[in-house]
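First the structure, in the form of structure tokens, and then the observations on it.
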Amino acid sequence: QAQPTLPQEKLSITTASGAHAFTVELATTPRQQQVGEMFRTQMPDNTGMLFLWSIPRESDMWMENTLIPLDIVFIGADHRIHAIEENAIPRSLAQISSHGPVLATLELAGGVAARLGLSVGDKVDAPSLNAPSAGTKP
């Protein structure tokens, strides 16, 4: 079953067309990260889930038991978009890779990245990305 709503914070992505605001859930524990968006049946366009990694690392995601398409945004240690996988296929077991070390991974509703014109290099701001411990824990 879907996990309960996780702690939330505001996140913004600055693109060529301006800043776009989201309310994101924070998946910080291994269990929260393993379950992620599994079994949820909807995701409003202005929400998401942010997976915070203890150190910058390769991020490999999959869509097992995920019932809705997602855009997966990989965020580098410089707080810029490193890579985007648009409209990941629900229930797919295919590995979706960041193709390099990232500080965090953001899941958005499928189609949001294209609709907002998100691009590699766009700036991502969120309190947890700026926390002193972000990307420094072993």
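Convention: chains lettered A, B, ... in structure tokens order; per-chain residue numbering from 1; ligands numbered from 1 as shown.
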
(message) Based on the backbone DSSP call, show me all residues of stretch 18-136 of chain A assigned strand (DSSP E or B), as a ChimeraX atom specification.
(response) /A:18-27,47-61,70-75,80-88,96-109,123-125

Near stretch 92-97 of chain A, counting only C-alpha atoms, which residues have an atom at most 9 Å away, once you skip same-chain residues fewer than 4 positions from it, shown as a PDB file with all heavy atoms, in the first residue's frame?
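Heads up, here's the output in part-v6.pdb:
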ATOM      1  N   GLU A  58      25.558   7.893  -7.742  1.00  0.00           N
ATOM      2  CA  GLU A  58      24.727   7.444  -8.853  1.00  0.00           C
ATOM      3  C   GLU A  58      23.347   7.118  -8.285  1.00  0.00           C
ATOM      4  O   GLU A  58      23.229   6.470  -7.251  1.00  0.00           O
ATOM      5  CB  GLU A  58      25.337   6.193  -9.485  1.00  0.00           C
ATOM      6  CG  GLU A  58      24.658   5.726 -10.728  1.00  0.00           C
ATOM      7  CD  GLU A  58      25.158   6.415 -11.979  1.00  0.00           C
ATOM      8  OE1 GLU A  58      26.258   6.978 -11.978  1.00  0.00           O
ATOM      9  OE2 GLU A  58      24.414   6.374 -12.980  1.00  0.00           O
ATOM     10  N   SER A  59      22.309   7.601  -8.927  1.00  0.00           N
ATOM     11  CA  SER A  59      20.943   7.333  -8.475  1.00  0.00           C
ATOM     12  C   SER A  59      20.258   6.458  -9.513  1.00  0.00           C
ATOM     13  O   SER A  59      20.134   6.851 -10.675  1.00  0.00           O
ATOM     14  CB  SER A  59      20.180   8.648  -8.299  1.00  0.00           C
ATOM     15  OG  SER A  59      18.831   8.415  -7.968  1.00  0.00           O
ATOM     16  N   ASP A  60      19.848   5.286  -9.084  1.00  0.00           N
ATOM     17  CA  ASP A  60      19.133   4.360  -9.963  1.00  0.00           C
ATOM     18  C   ASP A  60      17.716   4.189  -9.426  1.00  0.00           C
ATOM     19  O   ASP A  60      17.530   3.768  -8.288  1.00  0.00           O
ATOM     20  CB  ASP A  60      19.839   3.010 -10.024  1.00  0.00           C
ATOM     21  CG  ASP A  60      21.206   3.115 -10.684  1.00  0.00           C
ATOM     22  OD1 ASP A  60      21.315   3.800 -11.718  1.00  0.00           O
ATOM     23  OD2 ASP A  60      22.165   2.517 -10.169  1.00  0.00           O
ATOM     24  N   MET A  61      16.739   4.535 -10.237  1.00  0.00           N
ATOM     25  CA  MET A  61      15.335   4.470  -9.850  1.00  0.00           C
ATOM     26  C   MET A  61      14.633   3.437 -10.723  1.00  0.00           C
ATOM     27  O   MET A  61      15.145   3.031 -11.770  1.00  0.00           O
ATOM     28  CB  MET A  61      14.681   5.842 -10.033  1.00  0.00           C
ATOM     29  CG  MET A  61      15.413   6.996  -9.345  1.00  0.00           C
ATOM     30  SD  MET A  61      15.496   6.885  -7.568  1.00  0.00           S
ATOM     31  CE  MET A  61      13.876   7.502  -7.147  1.00  0.00           C
ATOM     32  N   TRP A  62      13.441   3.025 -10.309  1.00  0.00           N
ATOM     33  CA  TRP A  62      12.594   2.145 -11.113  1.00  0.00           C
ATOM     34  C   TRP A  62      11.152   2.457 -10.764  1.00  0.00           C
ATOM     35  O   TRP A  62      10.859   3.166  -9.816  1.00  0.00           O
ATOM     36  CB  TRP A  62      12.941   0.677 -10.883  1.00  0.00           C
ATOM     37  CG  TRP A  62      12.670   0.213  -9.481  1.00  0.00           C
ATOM     38  CD1 TRP A  62      11.509  -0.322  -9.013  1.00  0.00           C
ATOM     39  CD2 TRP A  62      13.542   0.287  -8.360  1.00  0.00           C
ATOM     40  NE1 TRP A  62      11.617  -0.597  -7.666  1.00  0.00           N
ATOM     41  CE2 TRP A  62      12.852  -0.228  -7.239  1.00  0.00           C
ATOM     42  CE3 TRP A  62      14.853   0.746  -8.194  1.00  0.00           C
ATOM     43  CZ2 TRP A  62      13.430  -0.298  -5.984  1.00  0.00           C
ATOM     44  CZ3 TRP A  62      15.412   0.671  -6.941  1.00  0.00           C
ATOM     45  CH2 TRP A  62      14.709   0.151  -5.858  1.00  0.00           C
ATOM     46  N   MET A  63      10.228   1.881 -11.529  1.00  0.00           N
ATOM     47  CA  MET A  63       8.808   2.205 -11.399  1.00  0.00           C
ATOM     48  C   MET A  63       7.972   1.021 -10.894  1.00  0.00           C
ATOM     49  O   MET A  63       6.758   1.030 -11.026  1.00  0.00           O
ATOM     50  CB  MET A  63       8.275   2.683 -12.753  1.00  0.00           C
ATOM     51  CG  MET A  63       8.919   3.959 -13.261  1.00  0.00           C
ATOM     52  SD  MET A  63       8.401   5.407 -12.332  1.00  0.00           S
ATOM     53  CE  MET A  63       6.718   5.569 -12.911  1.00  0.00           C
ATOM     54  N   GLU A  64       8.613   0.040 -10.280  1.00  0.00           N
ATOM     55  CA  GLU A  64       7.893  -1.111  -9.753  1.00  0.00           C
ATOM     56  C   GLU A  64       6.780  -0.652  -8.811  1.00  0.00           C
ATOM     57  O   GLU A  64       7.007   0.165  -7.922  1.00  0.00           O
ATOM     58  CB  GLU A  64       8.846  -2.038  -9.005  1.00  0.00           C
ATOM     59  CG  GLU A  64       8.155  -3.264  -8.455  1.00  0.00           C
ATOM     60  CD  GLU A  64       9.102  -4.203  -7.728  1.00  0.00           C
ATOM     61  OE1 GLU A  64      10.230  -3.796  -7.407  1.00  0.00           O
ATOM     62  OE2 GLU A  64       8.700  -5.346  -7.483  1.00  0.00           O
ATOM     63  N   ASN A  65       5.583  -1.156  -9.029  1.00  0.00           N
ATOM     64  CA  ASN A  65       4.395  -0.834  -8.219  1.00  0.00           C
ATOM     65  C   ASN A  65       4.028   0.656  -8.222  1.00  0.00           C
ATOM     66  O   ASN A  65       3.246   1.104  -7.399  1.00  0.00           O
ATOM     67  CB  ASN A  65       4.559  -1.320  -6.775  1.00  0.00           C
ATOM     68  CG  ASN A  65       4.689  -2.819  -6.700  1.00  0.00           C
ATOM     69  OD1 ASN A  65       3.997  -3.543  -7.405  1.00  0.00           O
ATOM     70  ND2 ASN A  65       5.594  -3.298  -5.875  1.00  0.00           N
ATOM     71  N   THR A  66       4.582   1.411  -9.146  1.00  0.00           N
ATOM     72  CA  THR A  66       4.216   2.823  -9.304  1.00  0.00           C
ATOM     73  C   THR A  66       3.150   2.878 -10.382  1.00  0.00           C
ATOM     74  O   THR A  66       3.372   2.424 -11.506  1.00  0.00           O
ATOM     75  CB  THR A  66       5.450   3.675  -9.670  1.00  0.00           C
ATOM     76  OG1 THR A  66       6.450   3.467  -8.667  1.00  0.00           O
ATOM     77  CG2 THR A  66       5.092   5.146  -9.743  1.00  0.00           C
ATOM     78  N   ILE A  72      11.354  12.052 -13.706  1.00  0.00           N
ATOM     79  CA  ILE A  72      12.391  11.877 -12.694  1.00  0.00           C
ATOM     80  C   ILE A  72      13.512  12.855 -13.005  1.00  0.00           C
ATOM     81  O   ILE A  72      14.105  12.822 -14.089  1.00  0.00           O
ATOM     82  CB  ILE A  72      12.876  10.419 -12.658  1.00  0.00           C
ATOM     83  CG1 ILE A  72      11.677   9.499 -12.351  1.00  0.00           C
ATOM     84  CG2 ILE A  72      13.986  10.249 -11.626  1.00  0.00           C
ATOM     85  CD1 ILE A  72      11.977   8.025 -12.404  1.00  0.00           C
ATOM     86  N   PHE A  74      17.075  14.439 -11.823  1.00  0.00           N
ATOM     87  CA  PHE A  74      18.274  14.176 -11.029  1.00  0.00           C
ATOM     88  C   PHE A  74      18.989  15.504 -10.778  1.00  0.00           C
ATOM     89  O   PHE A  74      19.247  16.263 -11.719  1.00  0.00           O
ATOM     90  CB  PHE A  74      19.179  13.186 -11.760  1.00  0.00           C
ATOM     91  CG  PHE A  74      18.538  11.839 -11.974  1.00  0.00           C
ATOM     92  CD1 PHE A  74      17.987  11.508 -13.204  1.00  0.00           C
ATOM     93  CD2 PHE A  74      18.470  10.912 -10.945  1.00  0.00           C
ATOM     94  CE1 PHE A  74      17.391  10.266 -13.406  1.00  0.00           C
ATOM     95  CE2 PHE A  74      17.877   9.673 -11.135  1.00  0.00           C
ATOM     96  CZ  PHE A  74      17.336   9.353 -12.368  1.00  0.00           C
ATOM     97  N   ALA A  83      20.088  15.557 -15.032  1.00  0.00           N
ATOM     98  CA  ALA A  83      19.437  14.730 -16.058  1.00  0.00           C
ATOM     99  C   ALA A  83      17.946  14.661 -15.754  1.00  0.00           C
ATOM    100  O   ALA A  83      17.529  14.869 -14.615  1.00  0.00           O
ATOM    101  CB  ALA A  83      20.033  13.322 -16.082  1.00  0.00           C
ATOM    102  N   GLU A  85      14.434  12.191 -16.794  1.00  0.00           N
ATOM    103  CA  GLU A  85      13.753  11.074 -17.468  1.00  0.00           C
ATOM    104  C   GLU A  85      12.272  11.423 -17.462  1.00  0.00           C
ATOM    105  O   GLU A  85      11.643  11.464 -16.411  1.00  0.00           O
ATOM    106  CB  GLU A  85      14.004   9.763 -16.728  1.00  0.00           C
ATOM    107  CG  GLU A  85      13.282   8.569 -17.309  1.00  0.00           C
ATOM    108  CD  GLU A  85      13.882   8.074 -18.621  1.00  0.00           C
ATOM    109  OE1 GLU A  85      15.072   8.315 -18.871  1.00  0.00           O
ATOM    110  OE2 GLU A  85      13.135   7.428 -19.383  1.00  0.00           O
ATOM    111  N   ALA A  88       8.316   8.361 -17.101  1.00  0.00           N
ATOM    112  CA  ALA A  88       8.741   6.990 -16.804  1.00  0.00           C
ATOM    113  C   ALA A  88       7.491   6.094 -16.774  1.00  0.00           C
ATOM    114  O   ALA A  88       6.441   6.484 -16.275  1.00  0.00           O
ATOM    115  CB  ALA A  88       9.479   6.947 -15.471  1.00  0.00           C
TER     116      ALA A  88
END

(request) Enumerate, as JSON, numbers by chain, the complete set of residues in stretch 1-102 of chain A that a backbone-based DSSP assignment places in alpha helix (DSSP H). (result) {"A": [30, 31, 32, 33, 34, 35]}

Residue selection dump (C-alpha atoms) as an mmCIF file, in the first residue's frame:
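Result file is part08.cif:
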data_model
loop_
_atom_site.group_PDB
_atom_site.id
_atom_site.type_symbol
_atom_site.label_atom_id
_atom_site.label_comp_id
_atom_site.auth_asym_id
_atom_site.auth_seq_id
_atom_site.Cartn_x
_atom_site.Cartn_y
_atom_site.Cartn_z
ATOM 1 C CA PRO A 30 15.912 3.900 3.234
ATOM 2 C CA ARG A 31 12.344 2.609 3.733
ATOM 3 C CA GLN A 32 10.734 5.871 2.566
ATOM 4 C CA GLN A 33 13.021 5.854 -0.470
ATOM 5 C CA GLN A 34 12.273 2.227 -1.270
ATOM 6 C CA VAL A 35 8.494 2.768 -1.223
#

(message) So that I can see what lies close to A:Glu9, please list as a list of chain:residue names the residues with an atom at most 8 Å from it, counting only C-alpha atoms and leaving out residues fewer than 5 positions away in the same chain.
(response) A:Thr23, A:Val24, A:Glu25, A:Leu26, A:Ala126, A:Pro127

(request) Name the residues in contact with A:Phe51 at a cut-off of 6 Å, using only C-alpha atoms, excluding same-chain residues fewer than 2 positions from it; report them as a ChimeraX atom specification. (result) /A:27,104-105

(message) Given only C-alpha atoms as the basis, pick out the residue of A:Pro69, A:Gly18, A:Pro44, A:Pro56 nearest to A:Gly117.
(response) A:Gly18

(message) Which residue is closest to A:Thr47? Choose from A:Leu118, A:Ala21, A:Ala16, A:Ile81 and count only C-alpha atoms.
(response)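 For A:Thr47, the nearest of the candidates is A:Ala21.
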
(message) Report as JSON, numbers by chain all protein, DNA and RNA residues lying within 9 Å of A:Thr41, evaluated on only C-alpha atoms, omitting residues in the same chain fewer than 2 positions from it.
(response) {"A": [37, 38, 39, 43, 66, 67, 68]}

(request) Compile the contact shell of A:Leu70 as a PyMOL selection string: residues with an atom at most 6 Å away, counting only C-alpha atoms, same-chain residues fewer than 3 positions apart removed. (result) chain A and resi 87-88+108-110

Please produce a file of those selected residues containing N, CA and C atoms, as a short mmCIF file (atom, residue, chain, number, x, y, z; two decimals), in the first residue's frame.
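Saved the output as result.cif:
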data_model
loop_
_atom_site.label_atom_id
_atom_site.label_comp_id
_atom_site.auth_asym_id
_atom_site.auth_seq_id
_atom_site.Cartn_x
_atom_site.Cartn_y
_atom_site.Cartn_z
N ASN A 87 8.23 11.03 -18.25
CA ASN A 87 7.15 10.05 -18.37
C ASN A 87 7.63 8.61 -18.21
N ALA A 88 8.32 8.36 -17.10
CA ALA A 88 8.74 6.99 -16.80
C ALA A 88 7.49 6.09 -16.77
N LEU A 108 8.34 14.06 -10.15
CA LEU A 108 7.22 14.95 -10.45
C LEU A 108 6.19 14.17 -11.26
N ALA A 109 4.98 14.70 -11.35
CA ALA A 109 3.95 14.07 -12.19
C ALA A 109 4.44 14.02 -13.63
N GLY A 110 4.13 12.91 -14.30
CA GLY A 110 4.52 12.77 -15.70
C GLY A 110 3.99 13.91 -16.55
#

(message) List the spatial neighbours of A:His79 as a PyMOL selection string - criterion: any atom at most 10 Å away, only C-alpha atoms, same-chain residues fewer than 5 positions off excluded.
(response) chain A and resi 13+74+102-104+121-126+129-130

Write a file of the selected residues as a tab-separated table (two decimals), in the first residue's frame, keeping all heavy atoms.
chain	number	residue	atom	x	y	z
A	13	ILE	N	12.19	25.46	-8.97
A	13	ILE	CA	13.09	25.21	-10.10
A	13	ILE	C	13.03	26.46	-10.97
A	13	ILE	O	11.96	26.88	-11.41
A	13	ILE	CB	12.67	23.97	-10.91
A	13	ILE	CG1	12.66	22.73	-10.01
A	13	ILE	CG2	13.62	23.77	-12.10
A	13	ILE	CD1	12.13	21.48	-10.68
A	74	PHE	N	17.08	14.44	-11.82
A	74	PHE	CA	18.27	14.18	-11.03
A	74	PHE	C	18.99	15.50	-10.78
A	74	PHE	O	19.25	16.26	-11.72
A	74	PHE	CB	19.18	13.19	-11.76
A	74	PHE	CG	18.54	11.84	-11.97
A	74	PHE	CD1	17.99	11.51	-13.20
A	74	PHE	CD2	18.47	10.91	-10.94
A	74	PHE	CE1	17.39	10.27	-13.41
A	74	PHE	CE2	17.88	9.67	-11.13
A	74	PHE	CZ	17.34	9.35	-12.37
A	102	VAL	N	24.73	12.36	-8.14
A	102	VAL	CA	23.76	13.42	-7.86
A	102	VAL	C	23.53	13.51	-6.36
A	102	VAL	O	23.75	12.54	-5.63
A	102	VAL	CB	22.42	13.22	-8.61
A	102	VAL	CG1	22.62	13.33	-10.11
A	102	VAL	CG2	21.77	11.89	-8.26
A	103	LEU	N	23.07	14.67	-5.91
A	103	LEU	CA	22.80	14.92	-4.50
A	103	LEU	C	21.38	14.50	-4.12
A	103	LEU	O	21.12	14.11	-2.99
A	103	LEU	CB	22.98	16.41	-4.21
A	103	LEU	CG	22.80	16.88	-2.78
A	103	LEU	CD1	23.82	16.22	-1.86
A	103	LEU	CD2	22.93	18.40	-2.71
A	104	ALA	N	20.47	14.57	-5.11
A	104	ALA	CA	19.06	14.26	-4.84
A	104	ALA	C	18.37	13.86	-6.13
A	104	ALA	O	18.85	14.14	-7.23
A	104	ALA	CB	18.36	15.46	-4.22
A	121	GLY	N	20.68	21.80	-16.30
A	121	GLY	CA	21.31	23.07	-15.94
A	121	GLY	C	20.41	24.02	-15.19
A	121	GLY	O	20.89	24.98	-14.58
A	122	ASP	N	19.08	23.78	-15.20
A	122	ASP	CA	18.17	24.63	-14.43
A	122	ASP	C	18.48	24.50	-12.94
A	122	ASP	O	18.87	23.44	-12.46
A	122	ASP	CB	16.71	24.25	-14.68
A	122	ASP	CG	16.21	24.65	-16.06
A	122	ASP	OD1	16.89	25.45	-16.74
A	122	ASP	OD2	15.13	24.16	-16.45
A	123	LYS	N	18.31	25.61	-12.20
A	123	LYS	CA	18.63	25.69	-10.78
A	123	LYS	C	17.48	25.19	-9.92
A	123	LYS	O	16.33	25.55	-10.14
A	123	LYS	CB	18.95	27.15	-10.43
A	123	LYS	CG	19.35	27.38	-9.00
A	123	LYS	CD	20.76	26.93	-8.73
A	123	LYS	CE	21.22	27.45	-7.36
A	123	LYS	NZ	22.09	26.53	-6.71
A	124	VAL	N	17.80	24.35	-8.92
A	124	VAL	CA	16.82	23.80	-7.99
A	124	VAL	C	17.16	24.34	-6.59
A	124	VAL	O	18.30	24.23	-6.15
A	124	VAL	CB	16.84	22.26	-7.98
A	124	VAL	CG1	15.79	21.71	-7.03
A	124	VAL	CG2	16.64	21.70	-9.39
A	125	ASP	N	16.16	24.90	-5.93
A	125	ASP	CA	16.34	25.43	-4.57
A	125	ASP	C	15.35	24.77	-3.63
A	125	ASP	O	14.16	24.71	-3.93
A	125	ASP	CB	16.13	26.95	-4.55
A	125	ASP	CG	17.23	27.70	-5.27
A	125	ASP	OD1	18.40	27.56	-4.85
A	125	ASP	OD2	16.93	28.41	-6.24
A	126	ALA	N	15.85	24.30	-2.49
A	126	ALA	CA	15.02	23.73	-1.43
A	126	ALA	C	15.84	23.77	-0.15
A	126	ALA	O	17.06	23.60	-0.18
A	126	ALA	CB	14.63	22.29	-1.76
A	129	LEU	N	18.29	20.88	0.43
A	129	LEU	CA	19.47	20.87	-0.44
A	129	LEU	C	20.55	21.81	0.10
A	129	LEU	O	21.73	21.63	-0.17
A	129	LEU	CB	19.11	21.28	-1.87
A	129	LEU	CG	18.21	20.33	-2.65
A	129	LEU	CD1	17.89	20.93	-4.01
A	129	LEU	CD2	18.85	18.96	-2.79
A	130	ASN	N	20.11	22.82	0.84
A	130	ASN	CA	21.05	23.80	1.39
A	130	ASN	C	21.47	23.49	2.81
A	130	ASN	O	22.27	24.22	3.39
A	130	ASN	CB	20.41	25.20	1.35
A	130	ASN	CG	20.16	25.65	-0.08
A	130	ASN	OD1	20.98	25.44	-0.95
A	130	ASN	ND2	19.00	26.22	-0.31

(request) Just give me the gap between atom CA of A:Arg57 and atom CA of A:Asp45 in Å, one decimal is fine. (result)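 Going from atom CA of A:Arg57 over to atom CA of A:Asp45, I get 27.1 Å.
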
(request) Have a look at atom CA of A:Gly111 and atom CA of A:Asp71 and let me know their distance in Å, one decimal. (result)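 The value is 6.6 Å.
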
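Note that atom CA of A:Gly36 and atom CA of A:Leu52 are 11.8 Å apart.
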